[in-house]
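S.K.: Take a look at the following structure, please.
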Amino acid sequence: MGPPGAGKGTQGELLAERLGVPRYATGDILRRAVREQTELGREARRFVEAGELVPDDVVLGIVEEALARPEAGEGFVLDGFPRTVHQAEALAGIVEESGESLDAVLYLTVSEEELLRRLTGRRVCAECGTVTRPSDAAEGECPACGGTLVQREDDRPETVRRRLRVYRERTEPVLAWYDRSDVPVHRVDGEGPIGEVQARIRERLAS
Ligand code: AP5
């Protein structure tokens, strides 16, 4: 968990790789659906592009489908989900039904100034989807495949402000909900070099 631009995708990918488990990022799944103009994409597009949350029932359908896959049986990293208290309650039900439990909630803390810097400077590859940091994006082409870098539709300044507001109103209460639950919540400083943030995460998970 963490506000927009906190590094959930960056760190979630490294963590999933390290643990050898799949990572399910609802934002990535929704953006792909929008790009491919599937039925889900057509339903989600106006919410994603406006920086509003996609309705709970749509997102829960995605997560239920992902967690039912055989590869999720050994564990998984969820990125960008749950984002509402209703989603958190539904996830608790899914996990309980499977006889498992959540190991941890990781919450990345980053100052608002740094979030704005990261989001307005982020560029993604139109070809392969690689996410670049503001400093890498200055090069103008994808460091992985040489493709064209573009700005995410919801990374425009006015949409970023709306995403931060939606985050405070709808997602911060989820953290308070987990604080009252049995699931351990780890707040990790998300600022500094990517490798250092990952080391902090692993240290907290090992403790
Ligand atoms: P989503 O894609 O989840 O967007 P978000 O939460 O706003 O998060 P971001 O992807 O912007 O940031 P991040 O925290 O992953 O940071 P990243 O690693 O990319 O969701 C998009 C939309 O989908 C939502 O607005 C909503 O409409 C919908 N949606 C998704 N899930 C939903 C749900 N559960 N319910 C309802 N609707 C849902 O890093 C950001 C930038 O910073 C990158 O350029 C990166 O390279 C750079 N960076 C990362 N770490 C560092 C560092 N340590 N130092 C410097 N730069 C860094």
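By convention here, the chains of the structure tokens are called A, B, ... in the order presented, each chain's residues are numbered starting at 1, and ligands are numbered starting at 1 in the order presented.
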Compile the contact shell of stretch 82-91 of chain A as a ChimeraX atom specification: residues with an atom at most 6 Å away, counting only C-alpha atoms, same-chain residues fewer than 2 positions apart removed.

M.R.: /A:93-94,170-171,174

S.K.: What would the file look like if the residues just selected were written as a CSV table (one decimal), in the first residue's frame with C-alpha atoms?

M.R.:
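Heads up, here's the output in selection.csv:
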chain,number,residue,atom,x,y,z
A,93,GLY,CA,-13.1,-13.3,3.1
A,94,ILE,CA,-11.4,-14.7,0.0
A,170,ARG,CA,-10.9,6.3,0.3
A,171,THR,CA,-7.6,4.4,0.9
A,174,VAL,CA,-7.9,0.9,4.8

S.K.: From the DSSP assignment of the backbone, select every residue of stretch 24-174 of chain A that is strand (DSSP E), and format the answer as a ChimeraX atom specification.

M.R.: /A:24-25,77-79,105-109,123-125,131-132,149-150

S.K.: With C-alpha atoms retained, could you export that selection as a CSV table (one decimal), in the first residue's frame?

M.R.:
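Below is the file that was written, again_27.csv:
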chain,number,residue,atom,x,y,z
A,24,TYR,CA,-1.0,-8.8,-9.2
A,25,ALA,CA,-1.3,-5.1,-9.8
A,77,VAL,CA,2.1,-9.9,-3.8
A,78,LEU,CA,-0.9,-7.6,-4.3
A,79,ASP,CA,-0.1,-4.1,-5.5
A,105,VAL,CA,0.6,-5.3,4.8
A,106,LEU,CA,3.5,-3.1,3.6
A,107,TYR,CA,2.9,0.6,3.5
A,108,LEU,CA,5.4,2.9,1.8
A,109,THR,CA,5.6,6.4,3.2
A,123,ARG,CA,7.3,8.1,-18.4
A,124,VAL,CA,6.2,4.6,-19.5
A,125,CYS,CA,7.2,2.8,-22.7
A,131,VAL,CA,8.3,2.4,-16.1
A,132,THR,CA,11.1,4.9,-16.0
A,149,LEU,CA,8.3,7.0,-23.8
A,150,VAL,CA,4.9,8.5,-23.1

S.K.: List the spatial neighbours of A:Arg163 as a ChimeraX atom specification - criterion: any atom at most 10 Å away, only C-alpha atoms, same-chain residues fewer than 4 positions off excluded.

M.R.: /A:3-4,48,50-53,154-155,157-159,167-169

S.K.: Dump N, CA, C and O atoms for the selected residues as a PDB file, in the first residue's frame?

M.R.:
ATOM      1  N   PRO A   3       0.514   5.856  -1.188  1.00  0.00           N
ATOM      2  CA  PRO A   3      -0.129   6.804  -2.104  1.00  0.00           C
ATOM      3  C   PRO A   3       0.369   6.647  -3.538  1.00  0.00           C
ATOM      4  O   PRO A   3       1.389   5.991  -3.773  1.00  0.00           O
ATOM      5  N   PRO A   4      -0.308   7.277  -4.497  1.00  0.00           N
ATOM      6  CA  PRO A   4       0.150   7.221  -5.884  1.00  0.00           C
ATOM      7  C   PRO A   4       1.602   7.697  -5.966  1.00  0.00           C
ATOM      8  O   PRO A   4       1.943   8.745  -5.414  1.00  0.00           O
ATOM      9  N   VAL A  48     -10.204   5.245 -14.618  1.00  0.00           N
ATOM     10  CA  VAL A  48      -8.738   5.234 -14.580  1.00  0.00           C
ATOM     11  C   VAL A  48      -8.198   6.561 -15.098  1.00  0.00           C
ATOM     12  O   VAL A  48      -7.333   7.179 -14.473  1.00  0.00           O
ATOM     13  N   ALA A  50      -9.611   9.430 -15.239  1.00  0.00           N
ATOM     14  CA  ALA A  50      -9.968  10.586 -14.421  1.00  0.00           C
ATOM     15  C   ALA A  50      -9.309  10.533 -13.045  1.00  0.00           C
ATOM     16  O   ALA A  50      -9.418  11.469 -12.257  1.00  0.00           O
ATOM     17  N   GLY A  51      -8.614   9.420 -12.728  1.00  0.00           N
ATOM     18  CA  GLY A  51      -7.977   9.310 -11.414  1.00  0.00           C
ATOM     19  C   GLY A  51      -8.954   8.942 -10.318  1.00  0.00           C
ATOM     20  O   GLY A  51      -8.675   9.128  -9.132  1.00  0.00           O
ATOM     21  N   GLU A  52     -10.112   8.407 -10.710  1.00  0.00           N
ATOM     22  CA  GLU A  52     -11.109   7.955  -9.721  1.00  0.00           C
ATOM     23  C   GLU A  52     -10.978   6.441  -9.550  1.00  0.00           C
ATOM     24  O   GLU A  52     -10.438   5.760 -10.423  1.00  0.00           O
ATOM     25  N   LEU A  53     -11.515   5.913  -8.469  1.00  0.00           N
ATOM     26  CA  LEU A  53     -11.455   4.465  -8.275  1.00  0.00           C
ATOM     27  C   LEU A  53     -12.477   3.762  -9.164  1.00  0.00           C
ATOM     28  O   LEU A  53     -13.605   4.245  -9.332  1.00  0.00           O
ATOM     29  N   ASP A 154      -3.133   9.476 -16.539  1.00  0.00           N
ATOM     30  CA  ASP A 154      -3.503   9.989 -15.209  1.00  0.00           C
ATOM     31  C   ASP A 154      -2.327  10.632 -14.476  1.00  0.00           C
ATOM     32  O   ASP A 154      -2.430  10.935 -13.295  1.00  0.00           O
ATOM     33  N   ASP A 155      -1.199  10.853 -15.156  1.00  0.00           N
ATOM     34  CA  ASP A 155      -0.065  11.532 -14.525  1.00  0.00           C
ATOM     35  C   ASP A 155      -0.029  13.024 -14.845  1.00  0.00           C
ATOM     36  O   ASP A 155       0.934  13.712 -14.512  1.00  0.00           O
ATOM     37  N   PRO A 157      -0.832  16.849 -14.123  1.00  0.00           N
ATOM     38  CA  PRO A 157      -0.891  17.454 -12.783  1.00  0.00           C
ATOM     39  C   PRO A 157      -2.280  17.487 -12.148  1.00  0.00           C
ATOM     40  O   PRO A 157      -2.447  17.131 -10.984  1.00  0.00           O
ATOM     41  N   GLU A 158      -3.332  17.869 -12.922  1.00  0.00           N
ATOM     42  CA  GLU A 158      -4.660  18.000 -12.290  1.00  0.00           C
ATOM     43  C   GLU A 158      -5.201  16.621 -11.895  1.00  0.00           C
ATOM     44  O   GLU A 158      -5.893  16.473 -10.869  1.00  0.00           O
ATOM     45  N   THR A 159      -4.876  15.589 -12.677  1.00  0.00           N
ATOM     46  CA  THR A 159      -5.361  14.238 -12.348  1.00  0.00           C
ATOM     47  C   THR A 159      -4.562  13.671 -11.167  1.00  0.00           C
ATOM     48  O   THR A 159      -5.105  12.966 -10.320  1.00  0.00           O
ATOM     49  N   TYR A 167      -7.072   9.108  -2.770  1.00  0.00           N
ATOM     50  CA  TYR A 167      -6.278   8.245  -1.890  1.00  0.00           C
ATOM     51  C   TYR A 167      -6.556   8.583  -0.411  1.00  0.00           C
ATOM     52  O   TYR A 167      -6.813   7.694   0.399  1.00  0.00           O
ATOM     53  N   ARG A 168      -6.491   9.893  -0.092  1.00  0.00           N
ATOM     54  CA  ARG A 168      -6.691  10.288   1.311  1.00  0.00           C
ATOM     55  C   ARG A 168      -8.094   9.924   1.796  1.00  0.00           C
ATOM     56  O   ARG A 168      -8.276   9.424   2.899  1.00  0.00           O
ATOM     57  N   GLU A 169      -9.095  10.148   0.925  1.00  0.00           N
ATOM     58  CA  GLU A 169     -10.484   9.921   1.356  1.00  0.00           C
ATOM     59  C   GLU A 169     -10.857   8.441   1.422  1.00  0.00           C
ATOM     60  O   GLU A 169     -11.562   8.018   2.318  1.00  0.00           O
TER      61      GLU A 169
END

S.K.: Excluding same-chain residues fewer than 5 positions from A:Arg118, what lies within 9 Å of it counting only C-alpha atoms, as a list in words?

M.R.: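 After dropping sequence-adjacent residues, the list is Gly5, Ala6, Glu113, Arg133 and Pro134 of chain A.
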
S.K.: Could those selected residues go to a file with all heavy atoms, as an mmCIF file, in the first residue's frame?

M.R.:
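What follows is the written file result.cif:
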data_model
loop_
_atom_site.group_PDB
_atom_site.id
_atom_site.type_symbol
_atom_site.label_atom_id
_atom_site.label_comp_id
_atom_site.auth_asym_id
_atom_site.auth_seq_id
_atom_site.Cartn_x
_atom_site.Cartn_y
_atom_site.Cartn_z
ATOM 1 N N GLY A 5 2.446 6.920 -6.630
ATOM 2 C CA GLY A 5 3.847 7.307 -6.798
ATOM 3 C C GLY A 5 4.757 6.885 -5.657
ATOM 4 O O GLY A 5 5.958 7.174 -5.672
ATOM 5 N N ALA A 6 4.224 6.164 -4.675
ATOM 6 C CA ALA A 6 5.047 5.775 -3.513
ATOM 7 C C ALA A 6 6.096 4.726 -3.881
ATOM 8 O O ALA A 6 7.057 4.521 -3.152
ATOM 9 C CB ALA A 6 4.146 5.249 -2.393
ATOM 10 N N GLU A 113 5.747 16.153 -1.669
ATOM 11 C CA GLU A 113 6.614 16.831 -2.644
ATOM 12 C C GLU A 113 7.301 15.793 -3.563
ATOM 13 O O GLU A 113 7.349 15.940 -4.780
ATOM 14 C CB GLU A 113 7.656 17.625 -1.853
ATOM 15 C CG GLU A 113 8.488 18.559 -2.669
ATOM 16 C CD GLU A 113 9.629 19.149 -1.835
ATOM 17 O OE1 GLU A 113 9.750 18.833 -0.635
ATOM 18 O OE2 GLU A 113 10.402 19.904 -2.433
ATOM 19 N N ARG A 133 12.131 6.187 -14.203
ATOM 20 C CA ARG A 133 12.188 7.250 -13.208
ATOM 21 C C ARG A 133 12.353 8.576 -13.937
ATOM 22 O O ARG A 133 12.839 8.599 -15.072
ATOM 23 C CB ARG A 133 13.378 7.036 -12.268
ATOM 24 C CG ARG A 133 13.095 5.992 -11.227
ATOM 25 C CD ARG A 133 14.339 5.657 -10.479
ATOM 26 N NE ARG A 133 15.317 5.082 -11.386
ATOM 27 C CZ ARG A 133 16.567 4.811 -11.032
ATOM 28 N NH1 ARG A 133 16.992 5.079 -9.839
ATOM 29 N NH2 ARG A 133 17.394 4.277 -11.902
ATOM 30 N N PRO A 134 12.000 9.701 -13.273
ATOM 31 C CA PRO A 134 12.131 10.995 -13.941
ATOM 32 C C PRO A 134 13.516 11.189 -14.555
ATOM 33 O O PRO A 134 13.645 11.644 -15.690
ATOM 34 C CB PRO A 134 11.889 11.983 -12.802
ATOM 35 C CG PRO A 134 10.971 11.259 -11.867
ATOM 36 C CD PRO A 134 11.383 9.825 -11.946
#

S.K.: Nearest residue to A:Arg35 out of A:Leu175, A:Val166, A:Ala206, A:Ala126, using only C-alpha atoms?

M.R.: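 Nearest to A:Arg35: A:Ala126.
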
S.K.: I'd like to know which of A:Arg69, A:Arg45, A:Arg187, A:Arg18 is closest to ligand 1, using only C-alpha atoms and all ligand atoms.

M.R.: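 Ranking A:Arg69, A:Arg45, A:Arg187, A:Arg18 by distance to ligand 1, first place goes to A:Arg45.
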
S.K.: Using DSSP on the backbone coordinates, identify the residues of stretch 8-197 of chain A assigned to helix (DSSP H, G or I); present them as number ranges by chain.

M.R.: A: 8-19, 26-35, 39-50, 56-67, 70-74, 85-97, 112-121, 134-137, 153-155, 157-179, 194-197

S.K.: As an MDAnalysis selection string, please: the residues near A:Phe76 (cut-off 8 Å, only C-alpha atoms, same-chain neighbours under 5 positions excluded).

M.R.: chainID A and resid 16 21:24

S.K.: Emit the selected residues as a PDB file, in the first residue's frame, including N, CA and C atoms.

M.R.:
ATOM      1  N   ALA A  16       8.259  -9.558  -5.426  1.00  0.00           N
ATOM      2  CA  ALA A  16       7.663 -10.774  -5.992  1.00  0.00           C
ATOM      3  C   ALA A  16       8.739 -11.641  -6.652  1.00  0.00           C
ATOM      4  N   VAL A  21       7.054 -15.420  -6.383  1.00  0.00           N
ATOM      5  CA  VAL A  21       5.586 -15.525  -6.435  1.00  0.00           C
ATOM      6  C   VAL A  21       5.048 -14.494  -7.433  1.00  0.00           C
ATOM      7  N   PRO A  22       3.824 -14.678  -7.932  1.00  0.00           N
ATOM      8  CA  PRO A  22       3.285 -13.680  -8.861  1.00  0.00           C
ATOM      9  C   PRO A  22       2.908 -12.374  -8.146  1.00  0.00           C
ATOM     10  N   ARG A  23       2.935 -11.278  -8.924  1.00  0.00           N
ATOM     11  CA  ARG A  23       2.470  -9.984  -8.400  1.00  0.00           C
ATOM     12  C   ARG A  23       1.238  -9.598  -9.194  1.00  0.00           C
ATOM     13  N   TYR A  24       0.171  -9.262  -8.513  1.00  0.00           N
ATOM     14  CA  TYR A  24      -1.042  -8.825  -9.185  1.00  0.00           C
ATOM     15  C   TYR A  24      -1.261  -7.353  -8.886  1.00  0.00           C
TER      16      TYR A  24
END

S.K.: Mind pulling up the distance from atom 9 (P, counted along the ligand's line) of ligand 1 to atom CA of A:Glu49?

M.R.: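 According to the coordinates, atom CA of A:Glu49 and atom 9 (P, counted along the ligand's line) of ligand 1 are separated by 12.6 Å.
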
S.K.: Can you work out the spacing between atom 22 (C, counted along the ligand's line) of ligand 1 and atom CA of A:Ile29 in Å, to one decimal?

M.R.: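 Atom CA of A:Ile29 lies at a distance of 9.5 Å from atom 22 (C, counted along the ligand's line) of ligand 1.
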
S.K.: Show which residues sit within 9 Å of A:Gln11, as a PyMOL selection string. Count only C-alpha atoms, and ignore same-chain residues fewer than 6 positions away.

M.R.: chain A and resi 194-195+197-198+201

S.K.: Output C-alpha atoms for every residue in the selection just made, as a JSON list (two decimals), in the first residue's frame.

M.R.:
[["chain", "number", "residue", "atom", "x", "y", "z"],
["A", 194, "ILE", "CA", 15.27, 1.89, -4.96],
["A", 195, "GLY", "CA", 17.68, -0.81, -3.70],
["A", 197, "VAL", "CA", 13.98, 0.85, -0.02],
["A", 198, "GLN", "CA", 13.86, -2.83, -1.06],
["A", 201, "ILE", "CA", 11.24, -3.94, 3.09]]

S.K.: Pick from A:Glu100, A:Glu203, A:Glu153, A:Asp179: nearest to ligand 1, with only C-alpha atoms and all ligand atoms counted?

M.R.: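 Distance minimum relative to ligand 1 lands on A:Glu153.
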
S.K.: Pick from A:Ala104, A:Cys142, A:Leu119, A:Ala72: nearest to ligand 1, with only C-alpha atoms and all ligand atoms counted?

M.R.: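 Between A:Ala104, A:Cys142, A:Leu119, A:Ala72, the residue approaching ligand 1 most closely is A:Leu119.
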
S.K.: Using Å and a single decimal, report how far atom CA of A:Arg122 sits from atom 41 (C, counted along the ligand's line) of ligand 1.

M.R.: 5.4 Å
